[in-house]
Amino acid sequence: MYLAMNRFRIKRGFETEFETLWRERESRLDHLEGFLSFDLLRGATDEQSTLYASHTVWASQDAFDAWTRSSAFRDAHRGAGDHGDMFLDHPDFEGFDQVEGTSMRVSPVSLDAEPLHAKLGSASYRALTV
């Protein structure tokens, strides 16, 4: 597994515009061999900026590298310089290979999901948790 991450420092007041660009952009990542997931994360805010990280998870670094050489990559980054006024500085790229034997996963739970005890009823839920 390979994780590719870009860190962005977005000037205060441009956060909504930055997030909207990511929400509304056309992405073809889900059609690429080796692509596993994408997330945009919001971090801490200081006097000047808010920290964001975009990260994609790939089956391998080779799969990521193939994407960076593709027309889909060029299309995804077309016009990226048009919004330079919102960036405090240039994005920082970091790439990581998985350390074998160290991963742990749990199934994601929707924060909006109805609680299990409400679906099953109190008696059934108690029977599961005893």
# chains A, B, ... in the order shown; residues from 1 in each chain; ligands from 1

call {"tool": "residues_around", "arguments": {"residues": "segment 7-23 of chain A", "least_positions_apart": "2", "cutoff": "10 Å", "atoms": "only C-alpha atoms", "output": "ChimeraX atom specification"}}
result
/A:5,25-27,40-55,83-94

call {"tool": "atom_distance", "arguments": {"atom1": "atom CA of Ala63 of chain A", "atom2": "atom CA of Gly34 of chain A"}}
result
5.3 Å

call {"tool": "select_by_dssp", "arguments": {"residues": "chain A", "states": "helix (DSSP H, G or I)", "output": "ChimeraX atom specification"}}
result
/A:15-24,29-31,61-68,71-77,80-86,116-120,122-129

call {"tool": "select_by_dssp", "arguments": {"residues": "chain A", "states": "strand (DSSP E)", "output": "JSON, numbers by chain"}}
result
{"A": [2, 3, 4, 5, 6, 7, 8, 9, 10, 11, 35, 36, 37, 38, 39, 40, 41, 42, 43, 44, 45, 49, 50, 51, 52, 53, 54, 55, 56, 57, 58, 92, 93, 94, 95, 96, 97]}

call {"tool": "closest_residue", "arguments": {"among": "A:Asp97, A:Glu33, A:Glu24, A:Asp39", "to": "Ala66 of chain A", "atoms": "only C-alpha atoms"}}
result
A:Glu33

call {"tool": "closest_residue", "arguments": {"among": "A:Gly95, A:His77, A:Asp82, A:Arg105", "to": "Asp62 of chain A", "atoms": "only C-alpha atoms"}}
result
A:Gly95

call {"tool": "residues_around", "arguments": {"residues": "Phe35 of chain A", "least_positions_apart": "5", "cutoff": "12 Å", "atoms": "only C-alpha atoms", "output": "list in words"}}
result
Met1, Tyr2, Leu3, Ala4, Ser27, Arg28, Leu29, Asp30, His55, Thr56, Val57, Trp58, Ala59, Ser60, Gln61, Asp62, Ala63, Phe64, Asp65, Ala66 and Trp67 of chain A

call {"tool": "write_last_selection", "arguments": {"atoms": "C-alpha atoms", "output": "PDB file, in the first residue's frame"}}
result
ATOM      1  CA  MET A   1       0.000   0.000   0.000  1.00  0.00           C
ATOM      2  CA  TYR A   2       1.184   3.544  -0.776  1.00  0.00           C
ATOM      3  CA  LEU A   3      -0.177   6.783   0.680  1.00  0.00           C
ATOM      4  CA  ALA A   4       0.338  10.009  -1.271  1.00  0.00           C
ATOM      5  CA  SER A  27     -12.162  13.340 -10.406  1.00  0.00           C
ATOM      6  CA  ARG A  28     -11.479  10.189 -12.333  1.00  0.00           C
ATOM      7  CA  LEU A  29      -9.506   8.518  -9.571  1.00  0.00           C
ATOM      8  CA  ASP A  30     -12.095   5.793  -9.041  1.00  0.00           C
ATOM      9  CA  HIS A  55      -4.368  11.960   0.636  1.00  0.00           C
ATOM     10  CA  THR A  56      -4.873   9.115  -1.728  1.00  0.00           C
ATOM     11  CA  VAL A  57      -4.248   5.484  -0.930  1.00  0.00           C
ATOM     12  CA  TRP A  58      -2.949   3.259  -3.715  1.00  0.00           C
ATOM     13  CA  ALA A  59      -2.260  -0.447  -4.041  1.00  0.00           C
ATOM     14  CA  SER A  60       1.422   0.403  -4.694  1.00  0.00           C
ATOM     15  CA  GLN A  61       3.766   3.258  -5.459  1.00  0.00           C
ATOM     16  CA  ASP A  62       3.888   1.969  -9.046  1.00  0.00           C
ATOM     17  CA  ALA A  63       0.113   2.532  -9.336  1.00  0.00           C
ATOM     18  CA  PHE A  64       0.498   6.082  -7.975  1.00  0.00           C
ATOM     19  CA  ASP A  65       3.424   6.816 -10.300  1.00  0.00           C
ATOM     20  CA  ALA A  66       1.415   5.557 -13.286  1.00  0.00           C
ATOM     21  CA  TRP A  67      -1.364   8.009 -12.357  1.00  0.00           C
TER      22      TRP A  67
END

call {"tool": "atom_distance", "arguments": {"atom1": "atom CA of Phe96 of chain A", "atom2": "atom CA of Ser70 of chain A"}}
result
20.6 Å

call {"tool": "atom_distance", "arguments": {"atom1": "atom CA of Arg78 of chain A", "atom2": "atom CA of Ser37 of chain A"}}
result
21.2 Å

call {"tool": "closest_residue", "arguments": {"among": "A:Val99, A:Asp75, A:Asn6, A:Ser107", "to": "Phe38 of chain A", "atoms": "only C-alpha atoms"}}
result
A:Asn6
